[in-house]
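Structure data follow from protein.txt (compact mmCIF, C-alpha atoms):
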```txt
# COMPACT_ATOMS: atom_id res chain seq x y z
CA MET F 1 73.29 -11.32 -42.36
CA ALA F 2 69.63 -10.63 -42.32
CA ARG F 3 68.51 -8.05 -39.75
CA LYS F 4 66.04 -9.19 -37.07
CA LYS F 5 62.62 -7.80 -37.42
CA GLN F 6 61.93 -5.34 -34.59
CA ASN F 7 58.81 -5.82 -32.50
CA GLY F 8 56.35 -3.00 -32.41
CA GLY F 9 53.77 -1.94 -29.82
CA ASP F 10 54.61 -2.39 -26.15
CA GLY F 11 57.95 -4.09 -26.66
CA GLY F 12 57.40 -7.81 -26.46
CA GLY F 13 55.18 -10.61 -25.21
CA GLY F 14 54.01 -11.42 -21.73
CA SER F 15 51.08 -10.28 -19.63
CA PRO F 16 50.36 -6.59 -19.02
CA ALA F 17 51.54 -5.12 -15.68
CA TRP F 18 48.01 -4.69 -14.32
CA MET F 19 47.42 -8.44 -14.49
CA ALA F 20 49.77 -8.97 -11.54
CA THR F 21 47.78 -6.60 -9.33
CA TYR F 22 44.51 -8.15 -10.42
CA ALA F 23 45.80 -11.67 -9.69
CA ASP F 24 46.91 -10.59 -6.19
CA LEU F 25 43.46 -9.13 -5.52
CA VAL F 26 41.69 -12.31 -6.65
CA THR F 27 44.03 -14.41 -4.51
CA LEU F 28 43.32 -12.28 -1.43
CA LEU F 29 39.59 -12.49 -1.99
CA PHE F 30 39.81 -16.25 -2.40
CA ALA F 31 41.78 -16.54 0.84
CA LEU F 32 39.19 -14.40 2.64
CA PHE F 33 36.28 -16.56 1.49
CA VAL F 34 38.18 -19.72 2.42
CA MET F 35 38.69 -18.39 5.95
CA MET F 36 35.05 -17.38 6.27
CA PHE F 37 33.89 -20.80 5.17
CA ALA F 38 36.35 -22.61 7.42
CA PHE F 39 35.43 -20.61 10.53
CA SER F 40 31.72 -21.01 9.86
CA GLU F 41 32.10 -24.78 10.20
CA VAL F 42 34.71 -24.67 13.01
CA ASP F 43 36.32 -27.85 11.65
CA ALA F 44 39.80 -28.44 13.10
CA ALA F 45 40.90 -30.49 10.09
CA ARG F 46 39.97 -27.71 7.71
CA VAL F 47 41.69 -25.09 9.85
CA GLU F 48 44.84 -27.21 9.83
CA ALA F 49 44.67 -27.71 6.07
CA MET F 50 44.19 -24.00 5.56
CA ALA F 51 47.13 -23.21 7.83
CA GLN F 52 49.33 -25.67 5.93
CA ALA F 53 48.33 -24.15 2.63
CA MET F 54 49.12 -20.64 3.86
CA ARG F 55 52.52 -21.84 5.17
CA GLY F 56 53.39 -23.35 1.82
CA GLY F 57 52.36 -26.94 2.43
CA GLY F 58 55.40 -28.27 4.34
CA GLY F 59 58.71 -27.45 5.95
CA GLY F 60 58.32 -28.84 9.41
CA GLY F 61 55.55 -31.34 9.35
CA ALA F 62 52.09 -31.05 10.70
CA ARG F 63 51.60 -28.76 13.64
CA ARG F 64 49.07 -29.12 16.39
CA VAL F 65 46.15 -26.80 15.91
CA PRO F 66 44.87 -25.14 19.09
CA GLN F 67 41.37 -26.11 20.10
CA VAL F 68 38.72 -23.63 19.03
CA SER F 69 36.11 -22.93 21.69
CA THR F 70 32.48 -23.67 20.98
CA ASN F 71 31.42 -20.14 21.94
CA PHE F 72 33.84 -18.66 19.47
CA GLY F 73 32.55 -20.99 16.79
CA GLU F 74 28.94 -20.03 17.52
CA GLY F 75 29.82 -16.36 17.40
CA ILE F 76 31.62 -16.73 14.09
CA ASN F 77 28.78 -18.82 12.72
CA ASN F 78 26.25 -16.18 13.68
CA LEU F 79 28.31 -13.38 12.23
CA ILE F 80 29.64 -15.05 9.09
CA GLY F 81 27.76 -18.26 8.41
CA ASN F 82 24.31 -16.75 8.97
CA GLY F 83 25.14 -13.16 8.17
CA ILE F 84 25.14 -10.26 10.65
CA THR F 85 21.38 -9.97 10.76
CA ASN F 86 21.15 -11.21 14.35
CA MET F 87 22.93 -8.28 15.95
CA PRO F 88 21.00 -5.25 14.65
CA VAL F 89 17.60 -6.81 15.38
CA ALA F 90 17.67 -6.01 19.09
CA THR F 91 18.77 -2.46 18.32
CA LEU F 92 15.97 -1.95 15.83
CA VAL F 93 13.37 -3.35 18.20
CA ALA F 94 14.60 -1.05 20.96
CA SER F 95 14.50 1.88 18.58
CA ASP F 96 10.93 1.07 17.57
CA GLU F 97 9.90 0.84 21.20
CA GLU F 98 11.56 4.15 21.92
CA ARG F 99 9.81 5.82 19.01
CA GLU F 100 6.48 4.44 20.14
CA ALA F 101 7.06 5.71 23.67
CA ASN F 102 8.02 9.15 22.35
CA ALA F 103 4.93 9.28 20.14
CA HIS F 104 2.73 8.35 23.08
CA ARG F 105 4.36 11.01 25.24
CA ARG F 106 3.90 13.65 22.54
CA GLN F 107 0.24 12.77 22.13
CA GLU F 108 -0.30 13.05 25.88
CA GLU F 109 1.31 16.49 25.84
CA LEU F 110 -1.04 17.60 23.07
CA SER F 111 -4.04 16.18 24.92
CA ASN F 112 -3.10 18.09 28.06
CA MET F 113 -2.60 21.23 25.99
CA ALA F 114 -6.04 20.86 24.38
CA SER F 115 -7.64 20.37 27.80
CA GLU F 116 -6.01 23.52 29.16
CA PHE F 117 -7.15 25.51 26.12
CA ARG F 118 -10.73 24.32 26.58
CA THR F 119 -10.66 25.34 30.23
CA TYR F 120 -9.16 28.74 29.42
CA PHE F 121 -11.74 29.67 26.80
CA ALA F 122 -14.65 28.21 28.78
CA ASP F 123 -13.70 30.34 31.80
CA ARG F 124 -13.97 33.41 29.57
CA ASN F 125 -17.25 32.35 27.93
CA LEU F 126 -15.46 31.82 24.62
CA ASN F 127 -16.00 28.08 24.36
CA GLU F 128 -18.42 28.59 21.45
CA ALA F 129 -16.33 31.28 19.75
CA VAL F 130 -13.09 29.30 19.97
CA ILE F 131 -13.37 25.62 19.10
CA VAL F 132 -10.62 23.28 20.30
CA GLN F 133 -10.21 20.08 18.35
CA GLU F 134 -7.67 17.36 19.05
CA GLY F 135 -6.32 14.98 16.42
CA GLU F 136 -3.43 12.62 16.00
CA ASN F 137 -0.26 14.71 16.40
CA TYR F 138 -2.04 18.07 16.38
CA VAL F 139 -4.39 20.45 18.20
CA LEU F 140 -6.61 22.78 16.19
CA LEU F 141 -7.86 26.14 17.50
CA ARG F 142 -10.67 27.64 15.40
CA PHE F 143 -11.43 31.31 16.07
CA ALA F 144 -14.84 32.37 14.86
CA ASP F 145 -15.51 35.58 12.96
CA GLY F 146 -15.04 38.65 15.15
CA VAL F 147 -12.87 37.08 17.86
CA LEU F 148 -9.50 38.21 16.54
CA PHE F 149 -10.48 40.77 13.87
CA ASP F 150 -13.32 43.12 13.10
CA SER F 151 -15.24 42.57 9.88
CA GLY F 152 -13.22 43.40 6.77
CA ARG F 153 -10.11 44.32 8.77
CA ALA F 154 -6.74 42.72 9.49
CA ASP F 155 -5.77 44.55 12.68
CA LEU F 156 -5.88 42.48 15.84
CA ARG F 157 -8.59 43.51 18.26
CA PRO F 158 -7.24 44.56 21.70
CA GLU F 159 -9.40 41.86 23.31
CA ALA F 160 -7.67 39.22 21.15
CA LEU F 161 -4.21 39.85 22.58
CA GLU F 162 -4.99 38.16 25.89
CA ALA F 163 -5.98 34.94 24.11
CA LEU F 164 -2.88 35.03 21.91
CA ASP F 165 -0.71 35.61 24.98
CA ALA F 166 -2.23 32.55 26.66
CA ILE F 167 -1.44 30.46 23.59
CA ALA F 168 2.12 31.79 23.36
CA ASN F 169 2.68 31.05 27.07
CA GLN F 170 1.49 27.49 26.55
CA LEU F 171 3.90 26.98 23.64
CA ALA F 172 6.90 28.70 25.23
CA GLY F 173 9.95 26.46 25.43
CA LEU F 174 8.52 23.69 23.24
CA ASP F 175 11.10 23.13 20.50
CA ASP F 176 9.27 20.19 18.94
CA ILE F 177 6.13 22.18 18.12
CA GLU F 178 5.14 23.90 14.88
CA VAL F 179 2.23 26.31 14.50
CA MET F 180 0.49 26.95 11.20
CA ILE F 181 -1.85 29.95 11.13
CA GLU F 182 -4.58 29.84 8.48
CA GLY F 183 -6.79 32.70 7.35
CA HIS F 184 -10.18 31.82 5.81
CA THR F 185 -13.02 33.89 4.33
CA ASP F 186 -16.46 33.32 2.85
CA ASN F 187 -17.11 33.57 -0.89
CA VAL F 188 -18.47 37.11 -0.90
CA PRO F 189 -16.01 39.21 -2.93
CA ILE F 190 -14.20 42.02 -1.20
CA SER F 191 -12.43 44.92 -2.88
CA THR F 192 -11.13 47.82 -0.80
CA ALA F 193 -8.24 50.23 -0.87
CA ARG F 194 -6.22 47.80 1.22
CA PHE F 195 -7.43 44.39 0.05
CA ARG F 196 -7.84 43.49 -3.59
CA ASP F 197 -9.75 40.30 -2.83
CA ASN F 198 -10.46 37.66 -0.21
CA LEU F 199 -7.02 36.14 -0.67
CA ASP F 200 -5.38 39.41 0.35
CA LEU F 201 -7.60 39.63 3.43
CA SER F 202 -6.96 36.04 4.54
CA GLN F 203 -3.22 36.40 4.06
CA ALA F 204 -3.09 39.70 5.93
CA ARG F 205 -4.94 38.24 8.92
CA SER F 206 -2.74 35.17 9.25
CA ALA F 207 0.37 37.31 8.81
CA GLU F 208 -0.79 39.67 11.56
CA VAL F 209 -1.09 36.79 14.04
CA TRP F 210 2.33 35.54 12.90
CA ARG F 211 3.87 38.97 13.57
CA TYR F 212 2.40 39.09 17.05
CA PHE F 213 3.71 35.67 17.98
CA VAL F 214 7.18 36.30 16.53
CA ASN F 215 7.75 40.02 17.09
CA ALA F 216 5.81 40.62 20.29
CA ARG F 217 6.14 37.23 21.99
CA GLY F 218 9.52 36.12 20.66
CA MET F 219 8.42 32.78 19.21
CA ASN F 220 10.83 31.04 16.85
CA PRO F 221 9.94 32.23 13.32
CA THR F 222 11.05 28.92 11.84
CA SER F 223 8.40 27.16 13.96
CA VAL F 224 5.51 29.44 13.01
CA GLY F 225 3.95 29.65 9.56
CA ALA F 226 1.17 31.74 8.08
CA ILE F 227 -1.01 31.11 5.05
CA GLY F 228 -4.11 32.66 3.51
CA LEU F 229 -6.59 30.21 2.03
CA SER F 230 -9.30 32.67 1.05
CA GLU F 231 -12.71 31.02 0.43
CA TYR F 232 -11.44 27.69 -0.87
CA ARG F 233 -11.64 25.55 2.28
CA PRO F 234 -15.10 26.17 3.66
CA ILE F 235 -16.46 24.27 6.63
CA ALA F 236 -20.08 25.29 5.99
CA ASP F 237 -22.42 26.18 3.13
CA ASN F 238 -21.78 29.67 1.78
CA ALA F 239 -25.39 29.79 0.57
CA THR F 240 -26.61 30.79 4.05
CA PRO F 241 -25.62 33.70 6.31
CA GLU F 242 -24.78 31.25 9.09
CA GLY F 243 -22.57 29.23 6.77
CA ARG F 244 -20.70 32.30 5.54
CA GLN F 245 -20.15 33.45 9.11
CA ALA F 246 -18.70 30.04 10.02
CA ASN F 247 -16.35 30.16 7.05
CA ARG F 248 -14.95 33.54 8.12
CA ARG F 249 -12.43 32.25 10.62
CA VAL F 250 -8.79 31.97 11.67
CA GLU F 251 -7.35 28.57 12.54
CA MET F 252 -4.17 27.63 14.36
CA ARG F 253 -2.87 24.11 13.86
CA ILE F 254 -0.38 23.22 16.59
CA MET F 255 1.60 20.19 15.47
CA ASN F 256 4.21 17.87 16.85
CA VAL F 257 7.43 17.70 14.89
CA ASN F 258 8.95 14.28 14.36
CA PRO F 259 12.43 14.58 12.81
CA ALA F 260 12.33 11.05 11.46
CA THR F 261 9.05 11.24 9.58
CA ASN F 262 8.35 14.96 9.59
CA ILE F 263 4.88 14.43 11.02
CA ALA F 264 4.03 18.11 11.25
CA ARG F 265 4.32 18.80 7.53
CA ALA F 266 2.75 15.46 6.67
CA MET F 267 -0.27 16.32 8.80
CA TYR F 268 -0.61 19.74 7.23
CA SER F 269 -0.61 18.25 3.74
CA ILE F 270 -3.86 16.44 4.59
CA PRO F 271 -6.85 18.61 3.50
```
Show me this structure written as structure tokens.
Amino acid sequence: MARKKQNGGDGGGGSPAWMATYADLVTLLFALFVMMFAFSEVDAARVEAMAQAMRGGGGGGARRVPQVSTNFGEGINNLIGNGITNMPVATLVASDEEREANAHRRQEELSNMASEFRTYFADRNLNEAVIVQEGENYVLLRFADGVLFDSGRADLRPEALEALDAIANQLAGLDDIEVMIEGHTDNVPISTARFRDNLDLSQARSAEVWRYFVNARGMNPTSVGAIGLSEYRPIADNATPEGRQANRRVEMRIMNVNPATNIARAMYSIP
């Protein structure tokens, strides 16, 4: 008797095992979409037909389908038939309104702060030596040459400490504020035993103000920054003595921090 030829491979015909799982998944998805479509129309006949199909199509005759309320149908239609776009809209609008209110409140706080700074420096006859400028989401304090430091030095003058104390008192307890301290020079080269060039001098001055705020006044070091910009951001013409004197300055940019858009850093990136 001839021997039967043995089958190779996986041992015979038929579909692979994974096809059963895949077919079940497709069936479940189809049933889900059928239910979504049926509820979106709220048609009693379709609901009954779907129920019969899910019960196997017989075995007891037609059953009475409970009435579906109109409100339920409208809710399902809004959620499924038209998508779920209707529900988040009110939340987003409220969130936008809240953000706008917070931005307005923050700007008012900065405006009040700028006004108090102007009054403080005017009362001490420093309104020309310390310029207060207000912008969107920031207040800028510009200290003229000689207010905080003597010429060619980076040690705070004793008279400057009172002004820095007043600023620190104003900022105390404000967690949503960042302060960037900028040192600026003119374009006349400097070379001393302590400072190699104007960059060294501008960095040392801004760092000295940073140390006073953080070490002496206990301000949060993560909310205070210091940078030396040397001669490269002048506000006047370095060709004249008056222009060079105006360029020798220290600036403090007090900025609101917005966690969502990071306004403070965005503002500082603007030249």
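Take the candidates F:Ile190, F:Glu134, F:Ala122, F:Arg217 and check each one against Asn169 in chain F using all atoms listed in the file; the shortest distance goes to F:Arg217.
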In Å and to one decimal, CA of Ala114 in chain F is distant from CA of Gln170 in chain F by 10.3 Å
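Taking CA of Asn112 in chain F and CA of Val132 in chain F as the two end points, the separation is 12.0 Å.
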Counting all atoms listed in the file, closest pick from F:Tyr120, F:Phe33, F:Trp210, F:Phe149 relative to Met252 in chain F is F:Trp210
Which residues are near Asp200 in chain F? Cut-off 10 Å, only C-alpha atoms, ignore same chain within fewer than 6 positions. Put them as a ChimeraX atom specification. /F:154,183,190-191,194,228-230
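Each of F:Ala166, F:Val209, F:Leu148, F:Leu32 was compared to Arg118 in chain F using all atoms listed in the file, and F:Ala166 turns out to be the nearest.
Using only C-alpha atoms, the smallest distance between any of F:Pro189, F:Gly173, F:Met255, F:Asn238 and Val224 in chain F comes from F:Met255.
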